[in-house]
Number of protein chains: 2
Amino acid sequence: MKHGGDLTEAMARYGGEAADWLDLSTGINPWAYPFGDIADAAWRRLPSQADGQALLAAARHAYRVPDGVDLVAAPGTQALIQWLPHLAANGPVAIVGPTYNEHAPAWQNAGHEVIAISDLAALPDEAVHVVIVNPNNPDGRIADHATLAAVAAKLHQRGGWLLVDEAFADVDPAIGAAVLCEKLPVVILRSFGKFYGLGGLRLGFAIAAPETIKRIAAVLGAWAVSGPALQVGARALGDDAWGEHMRAQLIEHATRLDFILTQAGGKVIGGTSLFRFVRHPDARYLHVQLARQRVWVRKFDWASDHLRFGLPANDAALGRLADALSTHD
Amino acid sequence: MKHGGDLTEAMARYGGEAADWLDLSTGINPWAYPFGDIADAAWRRLPSQADGQALLAAARHAYRVPDGVDLVAAPGTQALIQWLPHLAANGPVAIVGPTYNEHAPAWQNAGHEVIAISDLAALPDEAVHVVIVNPNNPDGRIADHATLAAVAAKLHQRGGWLLVDEAFADVDPAIGAAVLCEKLPVVILRSFGKFYGLGGLRLGFAIAAPETIKRIAAVLGAWAVSGPALQVGARALGDDAWGEHMRAQLIEHATRLDFILTQAGGKVIGGTSLFRFVRHPDARYLHVQLARQRVWVRKFDWASDHLRFGLPANDAALGRLADALSTHD
């Protein structure tokens, strides 16, 4: 599977070891949530119902999930992306793109026709389901609640779902559309690892009407989420102060990154505060130039003049990026 | 979902907090693998292809997987139990039981008829697939390779699978049937958490022919296993000395447990060195008696005179069990 974000590929093509690389190819927060100690029991015993309930209570709070809407935890949103097309009604899915490249194959593999659309306003008559990443990855485009609700109402008549992948929505809690799930067939995905800087933990959520969540929980099965993820997730999602502080910090560092990218001749045309989407006339060449200096960023098959940059974790990393951008070999 | 092994249920019915209970309701090794420190990167970044390859190499070694047979890691074998019935050819499945109670609903939910059989020799003509837990949970019955191969050869003609759940096979490496996967449609499940005492980690494996593993990997999707599980799993599965020592230790402690259970009027009629299966004329009463003293063991819907006991972790726990068994309130 090609993700373009795996450092294993970078090392295979350009050499070096993981420690040699500045990996800016993901949208994962470089300042991880300081989760403290993990209880021995979290590693040793099977997660209990009580552990799961504590996590879901914290997630309900963080994601502003109203009463009457339910949620379920999974070992990463990818696990949900894999299952949902198997639970969805038969029929074509329209995917608003270009976007995160895991949705389309998951629907195709489950037997759904995939229709690529560039805007929610261009909803094809034959689409039974719609997938939108909100904010979109990589361009950061945001669909508001009214727009989402209008599409969901149409899909309701067709017996389908509006799947809203809110992988990067933590950067602004107002984006979260959980409130729509009460009356509309909206299924929301939330990714824990990106905003909390813990991609290796594998934790994600689906939010939807209770009967839909019940079906998702049934296919995920028991003990879907690890003990450490339950414990870390409950702590982090309940920590409003850290979240608020981090949102400000991300914006500050994204602004500093924009300055460097602009200095290097790039034009920042979108993104979120977790990654920046840049147009550069020499993007393809720049990708190679950076890779030769062990800086790994994301390029795109569908846009030869665009790159995506994650946030450097400190001044040294930012300086290294600036140097690599200006060094032509 | 009812597992009978969740302490949350015990506390709801009999009171107390988790720390008050002696939980002997699982077959998880109470002496967890001492896995050392987890690298920061394992929590923070998405698991890489290299991480996955290191884990699979260690698992291939530990589970004696020959060349020409492949394997894939999942966040616990439960995730595989959930997916496999969706990948299997249409048709009924025969499940050798009584056994672990998660297989039947997973096949039913995927639309397969489930036929309960008590012995592999009683293979129904209409069964396309067979599920066997080997050694069986809870009675410890072991099917040998020749018996498994004969059944798999029949199922091969029917286009089906022999699913062998080797959740407790680590207690004797000779039980592992990975060698059969080379020429027969055998799919093997291995559970990491039980023998290594890390049930909360969520790590399991499927072993099968390469084309089958490719299909399983495709539905699991990317980053299925957490960074900590990849790191801990690779270390533990490569540690032959620990494994050998632990196998002897488990046998020693199972023997001590048997003595206590026999003293209390039970007859140990099976199990593995990770759990003991006991017949006792007052089993139902004993379950309540133990629960009232905050000792939680497994009972079975299908056998009112049987209980299953996990291993007490130390002399104090063993003594507490002995006292609880002899204390009638």
# chains A, B, ... in the order shown; residues from 1 in each chain; ligands from 1

call {"tool": "interface_residues", "arguments": {"of": "chain B", "to": "chain A", "cutoff": "8 Å", "atoms": "only C-alpha atoms", "output": "ChimeraX atom specification"}}
result
/B:1,6-8,28,30,32,41-50,75-76,78-79,82,193,197-202,219-228

call {"tool": "residues_around", "arguments": {"residues": "Ile115 in chain B", "least_positions_apart": "5", "cutoff": "7 Å", "atoms": "only C-alpha atoms", "output": "PyMOL selection string"}}
result
chain B and resi 93-95

call {"tool": "residues_around", "arguments": {"residues": "Leu274 in chain B", "least_positions_apart": "3", "cutoff": "10 Å", "atoms": "only C-alpha atoms", "output": "list in words"}}
result
Thr26, Gly27, Ile28, Asn29, Pro30, Gly140, Phe168, Asp170, Val171, Lys194, Phe195, Arg247, Leu250, Ile251, His253, Ala254, Gly271, Phe309, Gly310 and Leu311 of chain B

call {"tool": "write_last_selection", "arguments": {"atoms": "C-alpha atoms", "output": "PDB file, in the first residue's frame"}}
result
ATOM      1  CA  THR B  26      -9.089 -15.418  32.137  1.00  0.00           C
ATOM      2  CA  GLY B  27      -6.422 -17.656  30.668  1.00  0.00           C
ATOM      3  CA  ILE B  28      -3.904 -14.830  30.555  1.00  0.00           C
ATOM      4  CA  ASN B  29      -0.483 -15.603  32.005  1.00  0.00           C
ATOM      5  CA  PRO B  30      -0.130 -13.661  35.292  1.00  0.00           C
ATOM      6  CA  GLY B 140      -7.680 -28.488  26.621  1.00  0.00           C
ATOM      7  CA  PHE B 168      -3.215 -21.282  23.867  1.00  0.00           C
ATOM      8  CA  ASP B 170       2.286 -21.464  23.056  1.00  0.00           C
ATOM      9  CA  VAL B 171       2.259 -23.859  26.018  1.00  0.00           C
ATOM     10  CA  LYS B 194      -2.287 -14.897  26.591  1.00  0.00           C
ATOM     11  CA  PHE B 195       1.078 -16.646  26.867  1.00  0.00           C
ATOM     12  CA  ARG B 247       6.543 -22.973  29.765  1.00  0.00           C
ATOM     13  CA  LEU B 250       3.372 -22.488  33.978  1.00  0.00           C
ATOM     14  CA  ILE B 251       3.373 -26.264  34.328  1.00  0.00           C
ATOM     15  CA  HIS B 253       2.066 -23.527  38.923  1.00  0.00           C
ATOM     16  CA  ALA B 254      -0.737 -25.382  37.151  1.00  0.00           C
ATOM     17  CA  GLY B 271      -7.234 -27.393  30.422  1.00  0.00           C
ATOM     18  CA  PHE B 309      -9.590 -21.360  36.853  1.00  0.00           C
ATOM     19  CA  GLY B 310      -6.715 -19.183  35.683  1.00  0.00           C
ATOM     20  CA  LEU B 311      -3.372 -19.333  37.481  1.00  0.00           C
TER      21      LEU B 311
END

call {"tool": "residues_around", "arguments": {"residues": "Ile142 in chain A", "least_positions_apart": "6", "cutoff": "9 Å", "atoms": "only C-alpha atoms", "output": "JSON list (two decimals) with N, CA, C and O atoms, in the first residue's frame"}}
result
[["chain", "number", "residue", "atom", "x", "y", "z"],
["A", 133, "VAL", "N", -13.80, 14.64, 3.77],
["A", 133, "VAL", "CA", -12.83, 14.83, 4.86],
["A", 133, "VAL", "C", -12.91, 16.31, 5.23],
["A", 133, "VAL", "O", -12.82, 17.18, 4.36],
["A", 134, "ASN", "N", -13.14, 16.59, 6.51],
["A", 134, "ASN", "CA", -13.48, 17.96, 6.94],
["A", 134, "ASN", "C", -12.79, 18.30, 8.27],
["A", 134, "ASN", "O", -13.17, 17.76, 9.31],
["A", 135, "PRO", "N", -11.80, 19.20, 8.24],
["A", 135, "PRO", "CA", -11.24, 19.91, 7.09],
["A", 135, "PRO", "C", -10.58, 18.92, 6.13],
["A", 135, "PRO", "O", -10.08, 17.88, 6.57],
["A", 136, "ASN", "N", -10.55, 19.28, 4.87],
["A", 136, "ASN", "CA", -10.01, 18.35, 3.89],
["A", 136, "ASN", "C", -8.48, 18.26, 4.00],
["A", 136, "ASN", "O", -7.81, 19.23, 4.32],
["A", 175, "ILE", "N", -15.76, 22.95, 14.19],
["A", 175, "ILE", "CA", -15.92, 22.19, 12.94],
["A", 175, "ILE", "C", -16.72, 20.92, 13.18],
["A", 175, "ILE", "O", -17.51, 20.49, 12.34]]

call {"tool": "residues_around", "arguments": {"residues": "range 149-151 of chain A", "least_positions_apart": "2", "cutoff": "8 Å", "atoms": "only C-alpha atoms", "output": "compact mmCIF listing (two decimals) with N, CA and C atoms, in the first residue's frame"}}
result
# COMPACT_ATOMS: atom_id res chain seq x y z
N LEU A 120 -19.11 19.34 -2.73
CA LEU A 120 -20.38 18.80 -2.22
C LEU A 120 -21.56 19.30 -3.03
N LEU A 123 -23.29 17.13 -6.12
CA LEU A 123 -23.71 15.79 -5.73
C LEU A 123 -24.41 15.06 -6.89
N HIS A 145 -21.73 23.36 8.74
CA HIS A 145 -22.79 22.45 9.16
C HIS A 145 -24.01 22.51 8.25
N ALA A 146 -24.37 23.70 7.80
CA ALA A 146 -25.56 23.83 6.95
C ALA A 146 -25.38 23.08 5.64
N THR A 147 -24.19 23.20 5.07
CA THR A 147 -23.91 22.50 3.81
C THR A 147 -23.96 20.98 4.02
N ALA A 153 -29.46 15.37 4.25
CA ALA A 153 -30.91 15.26 4.07
C ALA A 153 -31.24 14.59 2.74
N LYS A 154 -30.49 14.94 1.70
CA LYS A 154 -30.70 14.28 0.40
C LYS A 154 -30.35 12.79 0.47
N LEU A 155 -29.24 12.48 1.13
CA LEU A 155 -28.81 11.08 1.23
C LEU A 155 -29.77 10.26 2.09
N LEU A 162 -23.85 10.10 4.99
CA LEU A 162 -22.81 11.11 4.79
C LEU A 162 -21.70 10.79 5.79
N LEU A 180 -25.17 16.94 14.12
CA LEU A 180 -26.00 16.57 12.96
C LEU A 180 -26.46 15.12 13.02
N LEU A 184 -29.97 13.07 11.27
CA LEU A 184 -29.56 12.79 9.90
C LEU A 184 -28.60 11.60 9.85

call {"tool": "select_by_dssp", "arguments": {"residues": "range 136-315 of chain A", "states": "strand (DSSP E or B)", "output": "ChimeraX atom specification"}}
result
/A:162-165,186-191,204-208,267-272,275-279,295-296,298-300,303-310

call {"tool": "atom_distance", "arguments": {"atom1": "CA of Phe259 in chain B", "atom2": "CA of Ala303 in chain B"}}
result
22.3 Å

call {"tool": "atom_distance", "arguments": {"atom1": "CA of Phe35 in chain B", "atom2": "CA of Leu321 in chain B"}}
result
28.7 Å

call {"tool": "select_by_dssp", "arguments": {"residues": "range 59-308 of chain B", "states": "helix (DSSP H, G or I)", "output": "PyMOL selection string"}}
result
chain B and resi 59-62+77-87+103-109+120-122+145-158+169-171+173-175+178-182+199-201+210-220+227-237+240-263+283-292
